[in-house]
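Enquirer: I have a structure here, written as structure tokens, and I will follow up with some questions on it.
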Amino acid sequence: MMTLLAFLEDNRAKLGEQILEHIGLTFFSLLLAAIIAIPSGIAISQRPRLSAAVLGTAGVLQTIPSIALLGFLIPILGIGVKPAVFALFLYALLPIVRNTYTGITGVPHPVKEAATGIGLSPKQRLWQVELPLALPVIFAGLRTATVINVGVATLAAYIGAGGLGEFIFGGIALNNAAMIMAGALPAALLAIVFDQLLALLQRLGRPTLHKQRWLLLLALTVLSSAYFWPQAYQPGWKGGFPPEFAGRPDGLAKITAAYELDFNTTILNNALMYKAVAEGEVDVISGYATDGRVEAYDLAVLQDDRNAFPPYFCAPLARAGFAEEYPEAVEALQLLAGRINDSLMTALNYQVDIEGQPPEDVAGSYLKRAGLWRPDQQSGGPKVIIGSKIFGEQYILASLFSQLINGYTNLDVDTRPGLGGTKICFDALLNGEIDLYPEYTGTGLQVLLSPPSDTLREILSDPVAVYGYVSREFARQYALQWLSPIGFNNTYALMMRREQAEALGIRRISDLRED
Amino acid sequence: MIEARQLHKTFGTFTAVERLSFRVLAGESLMLIGPSGCGKTTTLKMLNGLIAPTSGEVWIEGQPLHGQDMVQLRRRMGYVIQDIGLFPHYSVAENVGVVPRLLGWPSGKIKKRCAMLLEQLGLPPGAFAQKKPHELSGGQQQRVGIARALAADPPIILMDEPFGALDPLTRQQIRRDFRQLEALRQKTVVMVTHDIEEAFEMGTHIAVLNQGRMADLSAPEQLLQGPVSDFTAAFLEEKAPQLEFQALRLEQFLSELPRSLPGVKPEDCLQAPASTPLLRALHRLAKSGRPALCLTAHEKRYFATADGLLRLFQNHLRS
């Protein structure tokens with residue numbers, strides 16, 4: 001609680017900005033959706049044959065996962081506010097269309113027949129009878145859409161449209177509970193407040209609403225434009241960074257300090273930033289040195305000529321007591337020690353991320369080539385649970401681990417792939433929900449341990465020292481155990497479109513400086 | 001005046017109404033009666049264009065319905081639907097005033113007309129005008145539905161079971177109020193009902209429908225006395241005695257009544273109007289304990305004892 005208050009105090013300006021962005025995204029998209037969806041709902045209520053098609057389409061749009069939808073939109077609308085508003089607009093359509101339609105068609109038949117029978121024209125029947133009677137249901141739809149939009153708008157942070165998602169995803173990535181709460185609490189409050197405001201509006205009743213309609217319109221416009229209030233131009237390279245990189249001390253902050261660089265930063269989702277740089281929406285992104293997409297998107301990795309990034313050697317991280325309980329599993333995993341170097345890992349990642357091969361197959365065929373593969377013992381022994389974060393390399397590693405344990409021991413393996421960010425994996429390990437997952441020494445050092453800065457300075461450029469420190473401290477503080485490193489160093493790297501880098505003659509990070 | 005000419009309606013292969021023809025003049029009221037599914041409601045809806053006939057025509061005031069502006073036309077035909085169908089978001093007064101408002105009446109005139117109708121239908125406007133439909137009982141809602149149909153003083157009134165779904169007592173009461181409505185004089189009324197008594201009580205003409213066809217169409221007395229189709233005879237059979245007795249009134253027997261009775265003074269007698277049904281007169285006389293009944297018709301005084309009335313009955317049934 002104290003840390004949350006302290007965080008809010010420190011980040012007051014940022015919080016205000018994010019709330020305004022969030023409100024703007026929510027209401028601008030809601031306004032657009034209402035303008036399209038209410039007339040559509042009315043139209044299909046008059047032509048029932050169209051209703052199945054329209055409601056079906058809106059329903060299908062609703063089922064597209066939000067991240068996938070944002071991915072589709074980047075090539076068309078780029079990054080930033082446009083795709084965010086468009087995606088929110090699509091999600092708000094269904095509840096409004098459906099409730100408008102249901103509200104109108106739900107008007108009791110005798111009332112409609114009486115209206116026609118005593119001489120109301122179809123238009124008069126709609127405006128004087130059906131719409132007023134459908135109004136509560138339409139309002140309910142608007143309220144649903146508002147609450148949905150406040151929630152989905154957090155995802156806008158993934159494509160550089162800002163909003164409270166920046167704190168939420170940054171906090172998840174950085175294992176910073178106060179930061180998560182600083183985004184999640186205001187978002188929840190916004191949802192409740194807007195829902196109640198709309199409920200209040202509904203209770204005011206028709207005549208009052210009619211009298212105050214200009215005021216309402218003004219309020220909606222003001223709220224919708226909230227996004228654009230804090231606009232400010234920032235100079236520098238357009239950088240697209242995921243929340244984790246942007247927030248952690250060894251990430252963006254380290255680079256800007258070490259190279260004295262300023263970026264015009266846009267927060268982007270890991271999965272979307274490669275696309276964004278390839279499409280020219282941003283110039284520089286932070287990726288992983290072994291990422292398969294470096295090749296796929298024809299990017300140039302910039303050389304870290306000032307050794308700003310710490311080493312990120314990968315090793316299995318196991319829960320307390322795991323090695324004592326299952327020494328045979330540790331022995332099996334030991335077979336991978338030092339086996340996979342950077343270029344090999346990049347190639348494996350390429351097969352999964354770009355060629356779309358299943359991680360299990362890629363892991364299996366690698367083990368066969370290396371002569372390590374053995375068939376699954378299928379012994380039905382005790383279960384080892386292996387977790388992984390939510391990207392391809394981790395999936396491959398988790399598959400490698402599980403195939404080795406299956407092949408070399410009598411243990412059974414269950415995998416929990418795609419556990420989100422570092423914090424989620426780490427907590428799962430601490431709670432004993434998983435037995436082990438692949439972790440990187442740099443992440444363990446800076447995100448999970450955060451040692452005093454003089455210790456950090458001392459060991460940071462030495463991979464062996466980092467591994468030693470991390471193993472020691474994890475054992476001492478958390479009773480967790482680092483097994484032997486697998487070999488590759490998946491450190492952070494800055495990358496650009498190869499074409500642009502070559503045209504500008506940029507090979508090293510220091511070449512980005514404009515002097 | 002409203003006229004059906006060879007009205008015919010099929011839904012798919014089902015024939016709902018088969019070549020129906022009738023004509024209802026101003027001041028007349030036609031009752032459409034028959035068993036469920038005989039096509040009475042379909043016929044009524046064809047009269048105001050809610051259902052388009054497969055063939056045949058409806059003529060209103062000497063003009064064919066087809067090709068006219070239905071919306072304008074309906075405002076000149078009061079319509080009471082079976083399920084009442086009041087507008088739940090309007091007050092009673094707003095409900096009654098819908099059509100006058102559509103017709104552009106000044107609001108003062110609407111208010112006056114509305115108050116008058118509500119008063120006549122036994123809903124004092126002071127207590128009811130501002131209520132919402134859901135605050136009313138079924139009978140009260142039905143009265144508001146009738147007031148709404150009459151509001152713009154339309155020359156034609158169409159009613160689909162306007163007293164349906166009411167308990168018998170309320171039903172009788174609202175029926176009596178309705179019959180006495182000043183607003184109904186000189187109207188052309190077409191009403192659907194499945195209640196034979198109601199039809200005989202309210203209709204100047206009765207159309208008996210069977211499976212979409214007209215079984216009989218005539219005045220109530222003729223329906224009871226004259227030759228009718230087998231269907232109508234069977235349809236009326238159960239209720240026939242009752243209807244017949246109800247149709248017999250004292251005034252029909254004046255020539256058979258004594259002008260004086262020995263030892264009976266007029267002031268000792270039970271007074272009754274000449275239009276009293278015979279059966280009711282007998283009933284009331286027996287209950288009153290008076291020696292005889294006294295009535296005045298054409299400025300002449302007539303007397304009747306209970307025995308005398310019973311004899312009249314017997315004679316009538318024998319003839």
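In the structure tokens, chains take the letters A, B, ... in the order shown, each chain's residues start at 1, and ligands count up from 1 in the order shown.
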Among region 266-445 of chain A, which ones does DSSP assign to helix (DSSP H, G or I) (computed from the backbone)? Answer as an MDAnalysis selection string.
Expert: chainID A and resid 270:278 293:296 322:325 327:334 342:353 359:369 392:408 422:430 441:445
Enquirer: Those selected residues, please, written with C-alpha atoms and delivered as a compact mmCIF listing (two decimals), in the first residue's frame.
Expert:
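So selection12.txt came out as:
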```
# COMPACT_ATOMS: atom_id res chain seq x y z
CA ASN A 270 6.62 -7.78 -27.92
CA ALA A 271 4.77 -9.65 -30.61
CA LEU A 272 3.85 -6.49 -32.52
CA MET A 273 7.03 -4.42 -32.45
CA TYR A 274 8.82 -6.37 -35.20
CA LYS A 275 5.91 -5.75 -37.49
CA ALA A 276 5.87 -2.11 -36.46
CA VAL A 277 9.55 -1.59 -37.31
CA ALA A 278 9.25 -3.53 -40.55
CA ARG A 293 12.34 -12.57 -36.50
CA VAL A 294 15.59 -10.62 -36.88
CA GLU A 295 16.14 -12.59 -40.04
CA ALA A 296 12.54 -12.84 -41.07
CA PHE A 322 13.66 -30.00 -6.78
CA ALA A 323 17.28 -31.18 -7.25
CA GLU A 324 17.13 -33.25 -4.06
CA GLU A 325 13.82 -34.90 -5.01
CA PRO A 327 18.43 -35.80 -9.12
CA GLU A 328 17.79 -37.87 -12.28
CA ALA A 329 15.92 -34.92 -13.86
CA VAL A 330 18.78 -32.55 -13.09
CA GLU A 331 21.16 -35.06 -14.61
CA ALA A 332 19.05 -35.25 -17.80
CA LEU A 333 18.95 -31.46 -18.09
CA GLN A 334 22.70 -31.35 -17.59
CA ASP A 342 23.64 -17.92 -30.17
CA SER A 343 23.40 -18.77 -33.86
CA LEU A 344 21.95 -22.22 -33.19
CA MET A 345 19.30 -20.73 -30.94
CA THR A 346 18.47 -18.08 -33.55
CA ALA A 347 18.03 -20.85 -36.13
CA LEU A 348 15.72 -22.83 -33.83
CA ASN A 349 13.75 -19.69 -33.07
CA TYR A 350 13.45 -18.97 -36.77
CA GLN A 351 11.93 -22.41 -37.36
CA VAL A 352 9.28 -21.77 -34.74
CA ASP A 353 8.56 -18.06 -35.01
CA PRO A 359 8.20 -26.04 -30.84
CA GLU A 360 8.02 -29.72 -29.82
CA ASP A 361 9.04 -30.81 -33.33
CA VAL A 362 11.86 -28.30 -33.50
CA ALA A 363 13.11 -29.43 -30.09
CA GLY A 364 12.78 -33.10 -31.05
CA SER A 365 14.64 -32.83 -34.33
CA TYR A 366 17.43 -30.84 -32.69
CA LEU A 367 17.85 -33.51 -30.01
CA LYS A 368 18.00 -36.19 -32.72
CA ARG A 369 20.67 -34.28 -34.66
CA GLY A 392 8.86 -19.01 -28.97
CA GLU A 393 12.33 -19.51 -27.51
CA GLN A 394 10.86 -20.38 -24.13
CA TYR A 395 8.47 -22.84 -25.74
CA ILE A 396 11.41 -24.57 -27.46
CA LEU A 397 13.41 -24.72 -24.24
CA ALA A 398 10.47 -26.06 -22.27
CA SER A 399 10.05 -28.75 -24.97
CA LEU A 400 13.76 -29.61 -24.83
CA PHE A 401 13.56 -29.96 -21.05
CA SER A 402 10.46 -32.10 -21.10
CA GLN A 403 11.71 -34.41 -23.88
CA LEU A 404 14.98 -34.99 -22.05
CA ILE A 405 13.26 -35.74 -18.76
CA ASN A 406 10.75 -38.01 -20.50
CA GLY A 407 13.49 -39.84 -22.36
CA TYR A 408 16.10 -40.23 -19.66
CA THR A 422 8.84 -12.95 -15.74
CA LYS A 423 6.79 -12.17 -12.67
CA ILE A 424 4.15 -14.77 -13.41
CA CYS A 425 6.75 -17.54 -13.96
CA PHE A 426 8.72 -16.52 -10.91
CA ASP A 427 5.64 -16.45 -8.65
CA ALA A 428 4.50 -19.80 -9.98
CA LEU A 429 7.91 -21.24 -9.16
CA LEU A 430 7.94 -19.73 -5.66
CA THR A 441 20.88 -14.61 -15.71
CA GLY A 442 20.48 -10.92 -16.59
CA THR A 443 16.78 -11.01 -15.79
CA GLY A 444 17.44 -12.85 -12.54
CA LEU A 445 20.05 -10.28 -11.58
```
Enquirer: At a cut-off of 7 Å, which residues of chain A touch chain B? Count only C-alpha atoms and give the answer as a ChimeraX atom specification.
Expert: /A:110-111,114,117-121,133
Enquirer: Keeping only all heavy atoms, take the residues you just selected and write them out as a short mmCIF file (atom, residue, chain, number, x, y, z; two decimals), in the first residue's frame.
Expert:
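Result written to part_39.cif:
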```cif
data_model
loop_
_atom_site.label_atom_id
_atom_site.label_comp_id
_atom_site.auth_asym_id
_atom_site.auth_seq_id
_atom_site.Cartn_x
_atom_site.Cartn_y
_atom_site.Cartn_z
N PRO A 110 -48.57 -6.66 -29.08
CA PRO A 110 -49.82 -5.88 -29.06
C PRO A 110 -49.57 -4.38 -29.15
O PRO A 110 -50.33 -3.67 -29.79
CB PRO A 110 -50.44 -6.25 -27.71
CG PRO A 110 -49.84 -7.54 -27.34
CD PRO A 110 -48.47 -7.56 -27.93
N VAL A 111 -48.47 -3.92 -28.51
CA VAL A 111 -48.18 -2.50 -28.54
C VAL A 111 -47.86 -2.05 -29.96
O VAL A 111 -48.34 -1.03 -30.45
CB VAL A 111 -47.01 -2.17 -27.59
CG1 VAL A 111 -46.58 -0.73 -27.74
CG2 VAL A 111 -47.39 -2.47 -26.16
N ALA A 114 -51.07 -2.22 -32.02
CA ALA A 114 -51.94 -1.09 -31.70
C ALA A 114 -51.42 0.18 -32.37
O ALA A 114 -52.19 0.95 -32.94
CB ALA A 114 -52.02 -0.90 -30.19
N GLY A 117 -52.20 -0.03 -35.94
CA GLY A 117 -53.65 -0.10 -36.11
C GLY A 117 -54.35 1.23 -35.91
O GLY A 117 -55.34 1.50 -36.57
N ILE A 118 -53.85 2.07 -35.00
CA ILE A 118 -54.55 3.34 -34.79
C ILE A 118 -53.99 4.44 -35.68
O ILE A 118 -54.43 5.57 -35.59
CB ILE A 118 -54.50 3.79 -33.32
CG1 ILE A 118 -53.08 4.13 -32.89
CG2 ILE A 118 -55.10 2.72 -32.42
CD1 ILE A 118 -53.04 4.72 -31.50
N GLY A 119 -52.99 4.11 -36.53
CA GLY A 119 -52.61 5.09 -37.54
C GLY A 119 -51.28 5.77 -37.35
O GLY A 119 -51.08 6.88 -37.82
N LEU A 120 -50.31 5.11 -36.67
CA LEU A 120 -48.96 5.65 -36.67
C LEU A 120 -48.24 5.15 -37.93
O LEU A 120 -48.36 3.97 -38.28
CB LEU A 120 -48.19 5.20 -35.43
CG LEU A 120 -48.30 6.09 -34.18
CD1 LEU A 120 -49.69 5.94 -33.58
CD2 LEU A 120 -47.25 5.74 -33.15
N SER A 121 -47.51 6.03 -38.58
CA SER A 121 -46.72 5.59 -39.73
C SER A 121 -45.54 4.77 -39.19
O SER A 121 -45.22 4.87 -38.01
CB SER A 121 -46.22 6.80 -40.51
OG SER A 121 -45.27 7.49 -39.73
N LEU A 133 -39.39 2.72 -25.88
CA LEU A 133 -39.53 1.52 -25.07
C LEU A 133 -38.24 0.70 -25.07
O LEU A 133 -37.96 -0.02 -24.12
CB LEU A 133 -40.69 0.66 -25.59
CG LEU A 133 -42.08 1.26 -25.32
CD1 LEU A 133 -43.17 0.41 -25.94
CD2 LEU A 133 -42.31 1.41 -23.82
#
```
Enquirer: Taking 6 positions as the minimum chain separation for residues in the same chain, which residues sit within 10 Å of Asp414 (chain A) when counting only C-alpha atoms? Answer as a short mmCIF file (atom, residue, chain, number, x, y, z; two decimals) with all heavy atoms, in the first residue's frame.
Expert:
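Below is the file part-v1.cif, written as the result:
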```
data_model
loop_
_atom_site.label_atom_id
_atom_site.label_comp_id
_atom_site.auth_asym_id
_atom_site.auth_seq_id
_atom_site.Cartn_x
_atom_site.Cartn_y
_atom_site.Cartn_z
N LYS A 383 5.07 -36.47 -11.48
CA LYS A 383 5.01 -35.45 -12.52
C LYS A 383 5.92 -34.29 -12.22
O LYS A 383 5.90 -33.74 -11.11
CB LYS A 383 3.58 -34.93 -12.62
CG LYS A 383 2.89 -35.51 -13.84
CD LYS A 383 1.63 -34.80 -14.19
CE LYS A 383 1.06 -35.53 -15.39
NZ LYS A 383 -0.33 -35.84 -15.29
N VAL A 384 6.70 -33.89 -13.23
CA VAL A 384 7.48 -32.66 -13.15
C VAL A 384 6.74 -31.63 -13.98
O VAL A 384 6.34 -31.92 -15.11
CB VAL A 384 8.89 -32.89 -13.72
CG1 VAL A 384 9.65 -31.56 -13.79
CG2 VAL A 384 9.65 -33.89 -12.88
N ILE A 385 6.55 -30.45 -13.41
CA ILE A 385 5.81 -29.42 -14.16
C ILE A 385 6.77 -28.34 -14.63
O ILE A 385 7.46 -27.71 -13.83
CB ILE A 385 4.71 -28.82 -13.29
CG1 ILE A 385 3.76 -29.93 -12.85
CG2 ILE A 385 3.95 -27.75 -14.07
CD1 ILE A 385 2.75 -29.50 -11.83
N ILE A 386 6.81 -28.15 -15.97
CA ILE A 386 7.75 -27.20 -16.57
C ILE A 386 6.98 -26.01 -17.10
O ILE A 386 6.01 -26.16 -17.84
CB ILE A 386 8.53 -27.87 -17.72
CG1 ILE A 386 9.36 -29.03 -17.13
CG2 ILE A 386 9.42 -26.87 -18.43
CD1 ILE A 386 10.12 -29.81 -18.19
N GLY A 387 7.38 -24.81 -16.69
CA GLY A 387 6.72 -23.60 -17.17
C GLY A 387 7.55 -22.90 -18.22
O GLY A 387 8.71 -23.28 -18.49
N SER A 402 11.42 -31.03 -21.38
CA SER A 402 10.46 -32.10 -21.10
C SER A 402 10.82 -33.37 -21.88
O SER A 402 10.67 -34.48 -21.37
CB SER A 402 9.03 -31.64 -21.38
OG SER A 402 8.80 -31.56 -22.75
N ILE A 434 4.89 -24.61 -10.50
CA ILE A 434 5.72 -25.25 -11.50
C ILE A 434 7.03 -25.66 -10.83
O ILE A 434 7.37 -25.15 -9.75
CB ILE A 434 6.01 -24.33 -12.73
CG1 ILE A 434 6.68 -23.03 -12.27
CG2 ILE A 434 4.74 -24.03 -13.49
CD1 ILE A 434 7.07 -22.13 -13.43
N ASP A 435 7.74 -26.62 -11.46
CA ASP A 435 8.99 -27.10 -10.86
C ASP A 435 10.19 -26.35 -11.40
O ASP A 435 11.18 -26.14 -10.70
CB ASP A 435 9.15 -28.60 -11.13
CG ASP A 435 8.18 -29.42 -10.30
OD1 ASP A 435 8.10 -29.18 -9.08
OD2 ASP A 435 7.47 -30.27 -10.86
#
```
Enquirer: What's the 10 Å shell around region 309-313 of chain A, counting only C-alpha atoms, without same-chain residues fewer than 6 positions away, as JSON, numbers by chain?
Expert: {"A": [250, 251, 252, 254, 255, 258, 288, 289, 342, 439, 440, 441, 442, 443, 444, 445, 446, 456, 459, 460, 461, 462, 463, 464, 466, 467, 484, 485, 486, 487, 488, 489, 490, 491, 492, 493]}
Enquirer: Going by DSSP on the backbone, which bits of region 99-346 of chain A are strand (DSSP E)? Write them as a list of chain:residue names, please.
Expert: A:Trp237, A:Lys238, A:Gly239, A:Gly240, A:Phe241, A:Phe263, A:Asn264, A:Thr265, A:Thr266, A:Ile267, A:Val284, A:Ile285, A:Ser286, A:Gly287, A:Tyr288, A:Leu299, A:Ala300, A:Val301, A:Cys314, A:Ala315, A:Pro316, A:Leu317, A:Ala318
Enquirer: Could you write out the selected residues, including N, CA, C and O atoms, as a PDB file, in the first residue's frame?
Expert:
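See selection05.pdb below for the written result:
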```pdb
ATOM      1  N   TRP A 237      14.942   9.632 -32.282  1.00  0.00           N
ATOM      2  CA  TRP A 237      14.567   8.453 -33.050  1.00  0.00           C
ATOM      3  C   TRP A 237      13.245   7.910 -32.559  1.00  0.00           C
ATOM      4  O   TRP A 237      12.987   7.889 -31.364  1.00  0.00           O
ATOM      5  N   LYS A 238      12.442   7.420 -33.488  1.00  0.00           N
ATOM      6  CA  LYS A 238      11.197   6.787 -33.072  1.00  0.00           C
ATOM      7  C   LYS A 238      11.523   5.372 -32.612  1.00  0.00           C
ATOM      8  O   LYS A 238      11.891   4.511 -33.407  1.00  0.00           O
ATOM      9  N   GLY A 239      11.433   5.150 -31.309  1.00  0.00           N
ATOM     10  CA  GLY A 239      11.750   3.844 -30.762  1.00  0.00           C
ATOM     11  C   GLY A 239      10.487   3.142 -30.324  1.00  0.00           C
ATOM     12  O   GLY A 239       9.607   3.747 -29.718  1.00  0.00           O
ATOM     13  N   GLY A 240      10.375   1.851 -30.663  1.00  0.00           N
ATOM     14  CA  GLY A 240       9.243   1.071 -30.202  1.00  0.00           C
ATOM     15  C   GLY A 240       9.733   0.008 -29.236  1.00  0.00           C
ATOM     16  O   GLY A 240      10.486  -0.874 -29.630  1.00  0.00           O
ATOM     17  N   PHE A 241       9.324   0.114 -27.963  1.00  0.00           N
ATOM     18  CA  PHE A 241       9.850  -0.800 -26.959  1.00  0.00           C
ATOM     19  C   PHE A 241       8.722  -1.442 -26.165  1.00  0.00           C
ATOM     20  O   PHE A 241       7.738  -0.779 -25.870  1.00  0.00           O
ATOM     21  N   PHE A 263      15.168   8.857 -27.107  1.00  0.00           N
ATOM     22  CA  PHE A 263      14.230   8.225 -28.036  1.00  0.00           C
ATOM     23  C   PHE A 263      12.859   8.867 -27.890  1.00  0.00           C
ATOM     24  O   PHE A 263      12.450   9.248 -26.794  1.00  0.00           O
ATOM     25  N   ASN A 264      12.177   8.992 -29.015  1.00  0.00           N
ATOM     26  CA  ASN A 264      10.764   9.337 -28.996  1.00  0.00           C
ATOM     27  C   ASN A 264      10.028   8.007 -28.853  1.00  0.00           C
ATOM     28  O   ASN A 264       9.741   7.330 -29.821  1.00  0.00           O
ATOM     29  N   THR A 265       9.755   7.654 -27.582  1.00  0.00           N
ATOM     30  CA  THR A 265       9.394   6.274 -27.281  1.00  0.00           C
ATOM     31  C   THR A 265       7.910   5.984 -27.460  1.00  0.00           C
ATOM     32  O   THR A 265       7.059   6.762 -27.044  1.00  0.00           O
ATOM     33  N   THR A 266       7.648   4.851 -28.083  1.00  0.00           N
ATOM     34  CA  THR A 266       6.297   4.326 -28.161  1.00  0.00           C
ATOM     35  C   THR A 266       6.326   2.956 -27.499  1.00  0.00           C
ATOM     36  O   THR A 266       7.217   2.169 -27.762  1.00  0.00           O
ATOM     37  N   ILE A 267       5.345   2.709 -26.602  1.00  0.00           N
ATOM     38  CA  ILE A 267       5.307   1.400 -25.954  1.00  0.00           C
ATOM     39  C   ILE A 267       4.575   0.429 -26.879  1.00  0.00           C
ATOM     40  O   ILE A 267       3.483   0.709 -27.356  1.00  0.00           O
ATOM     41  N   VAL A 284      13.597   2.161 -34.420  1.00  0.00           N
ATOM     42  CA  VAL A 284      14.460   1.307 -33.605  1.00  0.00           C
ATOM     43  C   VAL A 284      13.586   0.510 -32.654  1.00  0.00           C
ATOM     44  O   VAL A 284      12.649   1.065 -32.068  1.00  0.00           O
ATOM     45  N   ILE A 285      13.865  -0.783 -32.554  1.00  0.00           N
ATOM     46  CA  ILE A 285      13.183  -1.548 -31.525  1.00  0.00           C
ATOM     47  C   ILE A 285      14.208  -2.285 -30.687  1.00  0.00           C
ATOM     48  O   ILE A 285      15.375  -2.406 -31.075  1.00  0.00           O
ATOM     49  N   SER A 286      13.773  -2.730 -29.515  1.00  0.00           N
ATOM     50  CA  SER A 286      14.648  -3.555 -28.710  1.00  0.00           C
ATOM     51  C   SER A 286      14.180  -4.974 -28.905  1.00  0.00           C
ATOM     52  O   SER A 286      13.008  -5.264 -28.730  1.00  0.00           O
ATOM     53  N   GLY A 287      15.088  -5.834 -29.349  1.00  0.00           N
ATOM     54  CA  GLY A 287      14.695  -7.228 -29.516  1.00  0.00           C
ATOM     55  C   GLY A 287      15.638  -8.102 -28.730  1.00  0.00           C
ATOM     56  O   GLY A 287      16.450  -7.616 -27.939  1.00  0.00           O
ATOM     57  N   TYR A 288      15.514  -9.394 -28.982  1.00  0.00           N
ATOM     58  CA  TYR A 288      16.440 -10.318 -28.361  1.00  0.00           C
ATOM     59  C   TYR A 288      17.445 -10.756 -29.411  1.00  0.00           C
ATOM     60  O   TYR A 288      17.094 -10.964 -30.565  1.00  0.00           O
ATOM     61  N   LEU A 299      16.152  -7.443 -40.383  1.00  0.00           N
ATOM     62  CA  LEU A 299      16.577  -6.356 -39.501  1.00  0.00           C
ATOM     63  C   LEU A 299      18.081  -6.427 -39.280  1.00  0.00           C
ATOM     64  O   LEU A 299      18.705  -7.479 -39.451  1.00  0.00           O
ATOM     65  N   ALA A 300      18.635  -5.296 -38.939  1.00  0.00           N
ATOM     66  CA  ALA A 300      20.056  -5.254 -38.598  1.00  0.00           C
ATOM     67  C   ALA A 300      20.192  -5.086 -37.091  1.00  0.00           C
ATOM     68  O   ALA A 300      19.609  -4.155 -36.520  1.00  0.00           O
ATOM     69  N   VAL A 301      20.940  -6.005 -36.453  1.00  0.00           N
ATOM     70  CA  VAL A 301      21.183  -5.880 -35.009  1.00  0.00           C
ATOM     71  C   VAL A 301      22.350  -4.914 -34.812  1.00  0.00           C
ATOM     72  O   VAL A 301      23.413  -5.079 -35.398  1.00  0.00           O
ATOM     73  N   CYS A 314      21.112 -18.295 -20.568  1.00  0.00           N
ATOM     74  CA  CYS A 314      19.882 -18.993 -20.195  1.00  0.00           C
ATOM     75  C   CYS A 314      20.214 -20.288 -19.453  1.00  0.00           C
ATOM     76  O   CYS A 314      21.130 -21.012 -19.849  1.00  0.00           O
ATOM     77  N   ALA A 315      19.451 -20.568 -18.386  1.00  0.00           N
ATOM     78  CA  ALA A 315      19.621 -21.822 -17.654  1.00  0.00           C
ATOM     79  C   ALA A 315      18.285 -22.187 -17.028  1.00  0.00           C
ATOM     80  O   ALA A 315      17.460 -21.303 -16.778  1.00  0.00           O
ATOM     81  N   PRO A 316      18.059 -23.474 -16.773  1.00  0.00           N
ATOM     82  CA  PRO A 316      16.822 -23.853 -16.078  1.00  0.00           C
ATOM     83  C   PRO A 316      16.881 -23.340 -14.641  1.00  0.00           C
ATOM     84  O   PRO A 316      17.905 -23.474 -13.973  1.00  0.00           O
ATOM     85  N   LEU A 317      15.814 -22.756 -14.178  1.00  0.00           N
ATOM     86  CA  LEU A 317      15.710 -22.302 -12.800  1.00  0.00           C
ATOM     87  C   LEU A 317      14.702 -23.217 -12.104  1.00  0.00           C
ATOM     88  O   LEU A 317      13.569 -23.355 -12.580  1.00  0.00           O
ATOM     89  N   ALA A 318      15.145 -23.861 -10.993  1.00  0.00           N
ATOM     90  CA  ALA A 318      14.292 -24.885 -10.381  1.00  0.00           C
ATOM     91  C   ALA A 318      13.845 -24.469  -8.998  1.00  0.00           C
ATOM     92  O   ALA A 318      14.514 -23.690  -8.319  1.00  0.00           O
TER      93      ALA A 318
END
```
Enquirer: Nearest to Arg12 (chain A) among A:Thr415, A:Asn99, A:Ala182, A:Ile390, with distances taken over only C-alpha atoms: which residue is it?
Expert: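 For Arg12 (chain A), the nearest of the given residues is A:Ala182.
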Enquirer: Can you measure CA of Asp69 (chain B) to CA of Leu126 (chain A) for me? One decimal in Å is fine.
Expert: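 That distance, rounded to one decimal, is 18.5 Å.
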Enquirer: For region 129-141 of chain B, find every residue with an atom within 7 Å (counting only C-alpha atoms), except residues of its own chain fewer than 2 positions away, and show them as an MDAnalysis selection string.
Expert: chainID B and resid 86 88 90:93 125:127 143:145 166 170
Enquirer: Could you check which of B:Arg185, B:Arg301, B:Arg280, B:Arg179 is closest to Met202 (chain B), using only C-alpha atoms?
Expert: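 Between B:Arg185, B:Arg301, B:Arg280, B:Arg179, the residue approaching Met202 (chain B) most closely is B:Arg179.
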